[in-house]
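*Asks:* Questions regarding the structure given below will be posed in turn.
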Amino acid sequence: MTPRQKATAYWKENIKYLFILLGIWFLVSYGAGILLKDVLNNIRIAGFELGFWFAQQGAIYVFVILVFVYIRLMNKLDRKYGYNE
Amino acid sequence: MSVQIWTYVIVAISFAIYIGIAIWSRAGSTKEFYVAGGGVSPLANGMATAADWMSAASFISMAGIISFMGYDGAVYLMGWTGGYVLLALLLAPYLRKFGKFTVPDFIGDRYYSKTARTVAVLCALIVSFTYVAGQMRGVGVVFSRFLEVDINTGVIIGMIIVLFYAVLGGMKGITYTQVAQYCVLIFAFMVPAIFISIQMTGNPVPQLGMGDTLADGSGTYLLDKLNGLSRELGFAEYTDGTKSMIDVFAITLALMVGTAGLPHVIVRFFTVPRVKDARKSAGLALLFIAILYTTAPAVSVFARTNLIETVSDKEYTAMPEWFTNWETTGLLIFTDKNNDGRIQYLADEKANELRIDNDIMVLANPEIAQLPNWVIALVAAGGLAAALSTAAGLLLVISTSVAHDLIKKQIRPDISDKTELWIARASATGAVVVAGYFGIHPPGFVAAVVALAFGLAAASFFPAIILGIFYKRMNKEGAITGMVVGIVLMLFYMMKFKFDMFGGGTQDDWWFGISPEGFGMVAMIVNFIVSLLVSRFTAPPPEDVQEIVEHIRIPSGAGEAASH
């Protein structure tokens, strides 16, 4: 691969990760916490109605996990293309 | 020991630590002043970012606001954390690779235009000033209540402390004091939360205690009890809220995108050595922030329940000491409308006799729960740490904008590094004085504008930066038109519905049912559309700018942040 091709391939994979991770980001916050809140509130876990829990707790936990997953994926991708330092 | 002596002791110790750190880590060059020499470890930068981000509003006001808003409070919780996902995935690594000092640097270079840079500098200054005034006010509130000095004296003491370490240490001093401030503020937030959680539910983890059964053995869930109490007094159910779905959606998005576009947060990612470290420190920052942000809604539930149980329909003369203490600050007001000597706290404005300021919930919470004096003092120190760390970060953005973006890049490019450093220090001093003035004489619009600052950041910076990285074909015509249209639209909506200009309007006139706080979402979308359309019909950016875009997409070879 030429450096240019390598860069393009790297960028494509990066974009793919972004779509997947941001998809989950949207689902837990805007999906579960807002749009589907009333439906999910019919499900209860301990004292929490599920929609309320996602909006005030769950989404935030997922956010943290997402960023760390992203860090891992990108470090692996950097190594694969020799961009790690 | 009394609360007051404890407060003096704990606040004095924490201040001594901050000043000590500032002297140890003072800046010798502009690079150290702007980006701490670019050699901060991801862990330290993560903590510093968290302290920078969590302001007096997060520490003092947020849990209180949520306790009055119930479910709707989620807009702040998700909005102010979800933005970090955008920041970590879409901005931090690329801006670090780009390797300049500031956001206007990026906008100016990427869009090969002085106009674009100037627009960006102005946006950065507007956002930072509105923010910093609010912080100074927070310092004043804490001082006046716990150290019983005049609120204005409190502001002045705060100014002197910030001035000392921001002016001396620049980014380097600020970074390391912020690390200490993060430790103080998170400890101060968690200790009372854990105490109260055990007291109310027997569960030492507040995040779980919030959804647990009450400790009184009744088997009732805390949230059910709070919903019941709220219903009785005529409020909406706590887990339900009152805002429309579209408005909750819009506000959350505006806050998220605004967070990702805030200059004082973005600039933190220029301080680490490599792209890899920028990603990592964004992740750590979010983790550190999440500790407070997942505890805050629990504190809101505890505080709300405790408050209702303590005051509702109780004899005024039987109120505990904290009640009268807060009454003297004017943040708690009781008017016995029906003269029965009891406190009626109701949703109905006509019958309600108790007015409670959002800001006192966190500060009064340990007292309401009758926690030991040292815990109460700790909360005061935590509130100060939160306010000071954010104020310092913002002051740095202001001084960088003036010394670097305006004077060095636009007016006098020939000044030496040493002169630039002195200009940066002088403008930081000027900024502290202006911020202090606004803290003492808060213009009525500060509180309203702070929330809207996010909308402004969302409507202006965010699309320009995102398109600059992800769309190579984006040119200066598109970006500038987009920024101008976005910010003007946002300002127009803000002035129309918040300040009654351009004919004003009520809630019924809101476009798409979206409040001014959430309108940043609409303005941002308009910015994106306008930018894309205009760029289609104008010339593509020059070859060397397209090279810059190729370059920032590859993580290796970031090198040090450079000033040229």
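Identifiers in this document derive from the order of the structure tokens: chains are assigned A, B, ..., residues are numbered from 1 separately in each chain, and ligands are numbered from 1 in order of occurrence.
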Taking only C-alpha atoms into account, report as a ChimeraX atom specification which residues of chain B lie within 6 Å of chain A.

*Replies:* /B:74,211-212,221,283,287,294,556

*Asks:* Could those selected residues go to a file with C-alpha atoms, as a tab-separated table (two decimals), in the first residue's frame?

*Replies:*
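Wrote it out as result20.tsv, contents follow:
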```tsv
chain	number	residue	atom	x	y	z
B	74	ALA	CA	-31.71	14.38	32.86
B	211	GLY	CA	-33.30	3.01	43.83
B	212	ASP	CA	-33.31	1.13	47.11
B	221	TYR	CA	-38.84	2.27	47.66
B	283	GLY	CA	-11.86	9.00	28.54
B	287	LEU	CA	-14.84	8.82	34.07
B	294	THR	CA	-24.14	9.77	38.66
B	556	SER	CA	1.29	9.60	14.42
```

*Asks:* Counting only C-alpha atoms, what is within 10 Å of Leu467 (chain B), bar same-chain residues fewer than 4 positions away, as a short mmCIF file (atom, residue, chain, number, x, y, z; two decimals) with N, CA and C atoms, in the first residue's frame?

*Replies:*
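New file result-v3.cif:
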```
data_model
loop_
_atom_site.label_atom_id
_atom_site.label_comp_id
_atom_site.auth_asym_id
_atom_site.auth_seq_id
_atom_site.Cartn_x
_atom_site.Cartn_y
_atom_site.Cartn_z
N PHE B 462 -19.18 24.21 16.76
CA PHE B 462 -19.23 22.76 16.55
C PHE B 462 -19.26 22.36 15.07
N PRO B 463 -20.20 22.90 14.27
CA PRO B 463 -20.23 22.47 12.87
C PRO B 463 -18.93 22.83 12.13
N TYR B 471 -14.89 16.70 6.57
CA TYR B 471 -15.29 17.01 5.20
C TYR B 471 -14.22 17.88 4.56
N LYS B 472 -13.38 17.21 3.74
CA LYS B 472 -12.22 17.90 3.19
C LYS B 472 -12.61 19.05 2.28
N ARG B 473 -13.77 18.89 1.63
CA ARG B 473 -14.20 19.86 0.63
C ARG B 473 -14.73 21.16 1.27
N MET B 474 -14.91 21.15 2.60
CA MET B 474 -15.46 22.35 3.23
C MET B 474 -14.48 23.51 3.07
N ASN B 475 -15.02 24.65 2.61
CA ASN B 475 -14.16 25.81 2.37
C ASN B 475 -14.52 26.97 3.28
N GLY B 478 -18.16 28.51 3.06
CA GLY B 478 -19.18 27.71 3.73
C GLY B 478 -19.10 27.85 5.24
N ALA B 479 -17.89 27.71 5.78
CA ALA B 479 -17.74 27.71 7.24
C ALA B 479 -18.11 29.06 7.84
N PHE B 528 -25.04 23.64 9.82
CA PHE B 528 -24.56 22.54 8.98
C PHE B 528 -25.09 22.66 7.54
N SER B 531 -23.62 25.71 5.67
CA SER B 531 -22.20 25.48 5.34
C SER B 531 -22.07 24.57 4.13
N LEU B 532 -22.82 23.47 4.15
CA LEU B 532 -22.71 22.49 3.07
C LEU B 532 -23.19 23.08 1.75
#
```

*Asks:* Excluding region 295-310 of chain B and residues on its chain fewer than 5 positions from it, collect all residues at most 7 Å away from it, counting only C-alpha atoms, and give them as a list of chain:residue names.

*Replies:* A:Gln56, B:Ala63, B:Gly64, B:Ile66, B:Ser67, B:Ala193, B:Pro206, B:Gln207, B:Met210, B:Leu226, B:Met361, B:Asn365

*Asks:* To one decimal in Å, tell me the separation between CA of Ser29 (chain B) and CA of Ser113 (chain B).

*Replies:*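 So the answer is 27.4 Å.
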
*Asks:* In Å, rounded to a single decimal, give me how far CA of Met159 (chain B) is from CA of Met54 (chain B).

*Replies:*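 Interatomic distance here is 18.5 Å.
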
*Asks:* I'd like to know which of A:Gln5, A:Lys16, A:Leu73, A:Leu50 is closest to Ala32 (chain A), using only C-alpha atoms.

*Replies:* A:Leu50

*Asks:* Here is a test: counting only C-alpha atoms, which residue of B:Gly46, B:Ser218, B:Trp80, B:Tyr182 is nearest to Tyr18 (chain B)?

*Replies:*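 Distance minimum relative to Tyr18 (chain B) lands on B:Tyr182.
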
*Asks:* From the set B:Gln178, B:Gln410, B:Thr481, B:Thr252, which residue has the shortest atom-to-atom contact distance to Ser55 (chain B), counting only C-alpha atoms?

*Replies:* B:Gln178

*Asks:* Just the residues within 9 Å of Phe519 (chain B), please, counting only C-alpha atoms, with nothing from its chain fewer than 5 positions along; format it as a PyMOL selection string.

*Replies:* chain B and resi 247+250-251+254+452+455+459+490+493-494+511+514+524

*Asks:* Next, dump the selected residues to file, keeping only N, CA and C atoms, as a compact mmCIF listing (two decimals), in the first residue's frame.

*Replies:*
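Contents of the output file result-v7.txt:
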```txt
# COMPACT_ATOMS: atom_id res chain seq x y z
N ASP B 247 -38.65 19.06 23.65
CA ASP B 247 -37.81 20.04 24.31
C ASP B 247 -36.68 19.36 25.10
N ALA B 250 -34.17 18.39 22.54
CA ALA B 250 -33.41 19.52 21.99
C ALA B 250 -32.42 20.07 23.01
N ILE B 251 -32.85 20.23 24.25
CA ILE B 251 -31.94 20.79 25.26
C ILE B 251 -30.76 19.85 25.47
N ALA B 254 -28.42 20.21 22.54
CA ALA B 254 -27.73 21.51 22.55
C ALA B 254 -26.62 21.52 23.61
N LEU B 452 -27.43 29.56 27.94
CA LEU B 452 -27.49 29.80 26.51
C LEU B 452 -26.11 29.79 25.85
N GLY B 455 -25.77 26.91 23.81
CA GLY B 455 -26.46 27.04 22.54
C GLY B 455 -25.59 27.81 21.54
N ALA B 459 -24.14 26.39 18.12
CA ALA B 459 -24.56 27.00 16.87
C ALA B 459 -23.39 27.54 16.06
N MET B 490 -29.28 31.97 16.61
CA MET B 490 -29.35 31.64 18.03
C MET B 490 -29.55 32.91 18.86
N TYR B 493 -33.14 34.21 18.48
CA TYR B 493 -34.13 33.42 19.21
C TYR B 493 -34.05 33.71 20.71
N MET B 494 -32.79 33.81 21.18
CA MET B 494 -32.52 34.10 22.57
C MET B 494 -33.11 35.45 22.97
N TRP B 511 -40.76 28.03 18.39
CA TRP B 511 -40.72 27.28 17.14
C TRP B 511 -40.58 25.80 17.46
N ILE B 514 -39.74 24.28 20.93
CA ILE B 514 -38.41 24.18 21.54
C ILE B 514 -38.06 25.46 22.28
N MET B 524 -27.74 24.80 15.18
CA MET B 524 -26.62 23.97 14.73
C MET B 524 -26.96 23.27 13.41
```

*Asks:* For a test of reading the model, state the distance in Å between CA of Leu378 (chain B) and CA of Leu363 (chain B), rounded to one decimal.

*Replies:*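 Computing the Euclidean distance for CA of Leu378 (chain B) and CA of Leu363 (chain B) yields 10.0 Å.
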
*Asks:* Among chain A, which residues carry a DSSP assignment of helix (DSSP H, G or I), reported as a PyMOL selection string?

*Replies:* chain A and resi 3-35+37-40+50-80

*Asks:* So that I can see what lies close to Ala523 (chain B), please list as a list in words the residues with an atom at most 8 Å from it, counting only C-alpha atoms and leaving out residues fewer than 2 positions away in the same chain.

*Replies:*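 Non-adjacent residues within range: Ala458, Ala459, Gly486, Ile487, Leu489, Met490, Phe519, Gly520, Met521, Ile525, Val526 and Asn527 of chain B.
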
*Asks:* Keeping all heavy atoms, export the residues of the selection given above as a tab-separated table (two decimals), in the first residue's frame.

*Replies:*
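Saved the output as out_21.tsv:
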```
chain	number	residue	atom	x	y	z
B	458	ALA	N	-22.78	25.62	20.41
B	458	ALA	CA	-23.30	24.59	19.50
B	458	ALA	C	-23.59	25.18	18.13
B	458	ALA	O	-23.29	24.58	17.09
B	458	ALA	CB	-24.57	23.98	20.08
B	459	ALA	N	-24.14	26.39	18.12
B	459	ALA	CA	-24.56	27.00	16.87
B	459	ALA	C	-23.39	27.54	16.06
B	459	ALA	O	-23.49	27.70	14.84
B	459	ALA	CB	-25.54	28.13	17.15
B	486	GLY	N	-25.56	30.65	11.99
B	486	GLY	CA	-25.89	29.89	13.20
B	486	GLY	C	-25.95	30.77	14.43
B	486	GLY	O	-26.93	30.74	15.18
B	487	ILE	N	-24.91	31.59	14.63
B	487	ILE	CA	-24.87	32.37	15.86
B	487	ILE	C	-25.90	33.50	15.84
B	487	ILE	O	-26.53	33.81	16.85
B	487	ILE	CB	-23.44	32.89	16.16
B	487	ILE	CG1	-23.28	33.13	17.66
B	487	ILE	CG2	-23.09	34.13	15.38
B	487	ILE	CD1	-21.87	33.10	18.14
B	489	LEU	N	-28.82	33.43	14.28
B	489	LEU	CA	-30.12	32.80	14.50
B	489	LEU	C	-30.32	32.50	15.99
B	489	LEU	O	-31.37	32.78	16.57
B	489	LEU	CB	-30.20	31.51	13.68
B	489	LEU	CG	-31.53	30.76	13.71
B	489	LEU	CD1	-32.64	31.62	13.13
B	489	LEU	CD2	-31.42	29.45	12.94
B	490	MET	N	-29.28	31.97	16.61
B	490	MET	CA	-29.35	31.64	18.03
B	490	MET	C	-29.55	32.91	18.86
B	490	MET	O	-30.39	32.94	19.77
B	490	MET	CB	-28.07	30.91	18.44
B	490	MET	CG	-28.01	30.49	19.89
B	490	MET	SD	-29.21	29.21	20.28
B	490	MET	CE	-29.46	29.52	22.01
B	519	PHE	N	-32.68	25.59	21.67
B	519	PHE	CA	-32.68	26.05	20.29
B	519	PHE	C	-31.32	25.91	19.62
B	519	PHE	O	-31.24	25.89	18.40
B	519	PHE	CB	-33.16	27.51	20.22
B	519	PHE	CG	-33.51	27.93	18.82
B	519	PHE	CD1	-34.67	27.49	18.23
B	519	PHE	CD2	-32.65	28.73	18.10
B	519	PHE	CE1	-34.98	27.85	16.93
B	519	PHE	CE2	-32.95	29.11	16.80
B	519	PHE	CZ	-34.12	28.66	16.22
B	520	GLY	N	-30.27	25.77	20.43
B	520	GLY	CA	-28.95	25.52	19.87
B	520	GLY	C	-28.96	24.36	18.89
B	520	GLY	O	-28.23	24.34	17.91
B	521	MET	N	-29.82	23.37	19.16
B	521	MET	CA	-29.92	22.22	18.26
B	521	MET	C	-30.36	22.67	16.87
B	521	MET	O	-29.75	22.30	15.86
B	521	MET	CB	-30.93	21.20	18.81
B	521	MET	CG	-31.12	20.02	17.89
B	521	MET	SD	-32.31	18.81	18.50
B	521	MET	CE	-33.84	19.46	17.85
B	525	ILE	N	-28.17	22.74	13.33
B	525	ILE	CA	-28.57	22.05	12.10
B	525	ILE	C	-28.57	23.03	10.93
B	525	ILE	O	-28.08	22.73	9.84
B	525	ILE	CB	-29.95	21.38	12.28
B	525	ILE	CG1	-29.85	20.27	13.34
B	525	ILE	CG2	-30.46	20.81	10.96
B	525	ILE	CD1	-31.17	19.69	13.76
B	526	VAL	N	-29.10	24.24	11.19
B	526	VAL	CA	-29.11	25.26	10.14
B	526	VAL	C	-27.68	25.58	9.71
B	526	VAL	O	-27.38	25.68	8.51
B	526	VAL	CB	-29.84	26.53	10.63
B	526	VAL	CG1	-29.67	27.67	9.64
B	526	VAL	CG2	-31.31	26.25	10.87
B	527	ASN	N	-26.78	25.71	10.68
B	527	ASN	CA	-25.37	25.98	10.39
B	527	ASN	C	-24.80	24.91	9.46
B	527	ASN	O	-24.18	25.21	8.43
B	527	ASN	CB	-24.59	26.06	11.71
B	527	ASN	CG	-23.10	26.33	11.52
B	527	ASN	OD1	-22.54	26.09	10.46
B	527	ASN	ND2	-22.46	26.81	12.58
```

*Asks:* If you run DSSP on this backbone, which residues of region 309-410 of chain B come out as strand (DSSP E), and could you give them as a ChimeraX atom specification?

*Replies:* /B:332-334,354-356

*Asks:* Could those residues be written to a file, using all heavy atoms, as a compact mmCIF listing (two decimals), in the first residue's frame?

*Replies:*
```
# COMPACT_ATOMS: atom_id res chain seq x y z
N LEU B 332 -33.49 31.45 51.19
CA LEU B 332 -34.64 30.67 51.67
C LEU B 332 -35.60 31.69 52.26
O LEU B 332 -35.22 32.49 53.12
CB LEU B 332 -34.16 29.70 52.76
CG LEU B 332 -35.15 28.69 53.30
CD1 LEU B 332 -35.39 27.60 52.26
CD2 LEU B 332 -34.60 28.06 54.56
N ILE B 333 -36.83 31.71 51.75
CA ILE B 333 -37.77 32.73 52.21
C ILE B 333 -39.09 32.09 52.63
O ILE B 333 -39.69 31.33 51.87
CB ILE B 333 -38.05 33.78 51.10
CG1 ILE B 333 -36.75 34.46 50.68
CG2 ILE B 333 -39.06 34.82 51.59
CD1 ILE B 333 -36.84 35.22 49.38
N PHE B 334 -39.52 32.39 53.86
CA PHE B 334 -40.79 31.87 54.34
C PHE B 334 -41.75 33.02 54.59
O PHE B 334 -41.41 33.99 55.27
CB PHE B 334 -40.55 31.07 55.63
CG PHE B 334 -41.82 30.70 56.36
CD1 PHE B 334 -42.73 29.84 55.75
CD2 PHE B 334 -42.10 31.21 57.62
CE1 PHE B 334 -43.92 29.51 56.41
CE2 PHE B 334 -43.28 30.87 58.27
CZ PHE B 334 -44.19 30.03 57.67
N LEU B 354 -43.14 28.80 50.94
CA LEU B 354 -41.70 28.64 51.06
C LEU B 354 -41.03 28.76 49.70
O LEU B 354 -41.42 28.12 48.73
CB LEU B 354 -41.39 27.25 51.65
CG LEU B 354 -39.95 27.01 52.06
CD1 LEU B 354 -39.54 27.92 53.19
CD2 LEU B 354 -39.77 25.55 52.48
N ARG B 355 -40.05 29.65 49.64
CA ARG B 355 -39.30 29.83 48.40
C ARG B 355 -37.87 29.34 48.65
O ARG B 355 -37.20 29.81 49.56
CB ARG B 355 -39.31 31.31 48.04
CG ARG B 355 -39.05 31.61 46.60
CD ARG B 355 -39.48 33.03 46.29
NE ARG B 355 -40.90 33.11 45.99
CZ ARG B 355 -41.43 32.63 44.86
NH1 ARG B 355 -40.67 32.08 43.96
NH2 ARG B 355 -42.72 32.74 44.65
N ILE B 356 -37.43 28.36 47.86
CA ILE B 356 -36.11 27.77 48.09
C ILE B 356 -35.26 27.97 46.85
O ILE B 356 -35.65 27.59 45.76
CB ILE B 356 -36.22 26.25 48.35
CG1 ILE B 356 -37.27 25.98 49.43
CG2 ILE B 356 -34.88 25.67 48.75
CD1 ILE B 356 -37.82 24.60 49.37
```
